[in-house]
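Visitor: This is the structure, below, for whatever I ask next.
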Amino acid sequence: MQDNGTIIKAVSGQYIVQTGTNTVVCKARGRFRFEQVVPLVGDRVVISTAEDGTGVIQEILPRKNAFVRPPVANLDQLVIIASNVIPVTSPYLIDRMTAIAALNDADCVIVLNKCDLDRADALYEIYTTAGFRTIRTSAVTGEGIEELRAALAPPSESGEMRISVFTGNSGVGKSSILNCLSPEFHIATGEVSRKLGRGRHTTRHVELFRLSDGVFIADTPGFSSFDTGEMNLFDKTQLQHLFREFKPYLGRCRFTNCAHLKEIGCAVLEAVRNGEIHPVRHESYARLYEQTAQIKPWEK
Ligand SMILES: Nc1nc2c(ncn2[C@@H]2O[C@H](COP(=O)(O)OP(=O)(O)OP(=O)(O)O)[C@@H](O)[C@H]2O)c(=O)[nH]1
Ligand SMILES: [Mg+2]
Ligand SMILES: [Zn+2]
């Protein structure tokens, strides 16, 4: 029997595939190894099931995107979790993630957690100014959890599924928020070391949790995930398009090849001066631009 499904978990050569409301334990067909194809969590697959209920992954459907760290495919939305208290998240880390999301054609939500301890006003201003959906949450008081739940749902009536991946520095509360969304998840959470002000990477593997029909979420360990590898894809002229709030100003600078760093007659810099683009976001752009400029074409 053939069926379509989504890989929600991968453990030592075995894949758990969600088909409708069932889950099937599958192996990958032998050919994949030969072809050096590695099935990823998030992959849409065609499986065949045997009498005994076990399955074999026969085909991997074309991917929308794929990541190495964390190993996940078909990410629809990146949920970037930040906090302004143990640990303090730097906007630069967030901005790298928003750029990676844009590069991979994924949506972005900014979640400011631990609001019971600190309202993260500065971050709130930066990301609302940039036009991101920004939600303040607390895994302790439950503030913002319903708003986040709404942000995870697929576009209304589409009948499709939506995969959101939680990312953010270790200890910001990714796993705690998932447990708030559904106490059934029972995801392990860790104490943040006060001395270091950072967590201990409690979460180590990738797994899709099914929150409700069509709503899947993956927890990932800290910012070690989505490592610099993904950034090397950048071409420096591409970077400007990965900052959503730059869009209205692109093509309006005096010089067509303007890098929006120090140039005279730069429309982006003008927008920064006018308060239409937040200076902190522009700072991140400049930092990323410099990094990208250092990558030689043959290193890509
Ligand atoms: N006061 C407060 N503490 C929180 C909140 N959310 C999480 N914590 C605490 O922060 C610590 C780290 O939470 P985790 O959920 O393990 O953090 P994580 O982001 O999953 O960390 P890694 O798995 O290491 O990446 C735990 O001690 C939580 O109890 C919150 O909203 N408010
Ligand atoms: Mg965790
Ligand atoms: Zn410019």
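Ordering of the structure tokens sets the chain letters (A, B, ...); residue numbers start at 1 within each chain; ligands are numbered from 1 in the order shown.
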Mind checking DSSP for region 83-281 of chain A and telling me the strand (DSSP E or B) residues as an MDAnalysis selection string?

Guide: chainID A and resid 83:84 88 107:113 133:136 162:167 193 198 207:212 215:218

Visitor: Per DSSP on the backbone, filter region 2-55 of chain A down to the residues in helix (DSSP H, G or I) and report them as a PyMOL selection string.

Guide: chain A and resi 30-35

Visitor: List as a PyMOL selection string the protein and nucleic acid residues lying within 10 Å of ligand 3, with only C-alpha atoms and all ligand atoms counted.

Guide: chain A and resi 240+246+249-271

Visitor: Between CA of Glu160 (chain A) and CA of Val109 (chain A), what distance in Å does the model show, to one decimal?

Guide: 19.1 Å

Visitor: Given only C-alpha atoms as the basis, pick out the residue of A:Val215, A:Ile277, A:Val79, A:Ile100 nearest to Lys247 (chain A).

Guide: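 For Lys247 (chain A), the nearest of the given residues is A:Ile277.
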
Visitor: Might you pull out every residue within 8 Å of Pro39 (chain A), with only C-alpha atoms counted and same-chain residues fewer than 2 positions away left off, and present them as a list in words?

Guide: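 Once the nearby chain positions are removed, what remains is Ala28, Val37, Val41, Asp43 and Ile60 of chain A.
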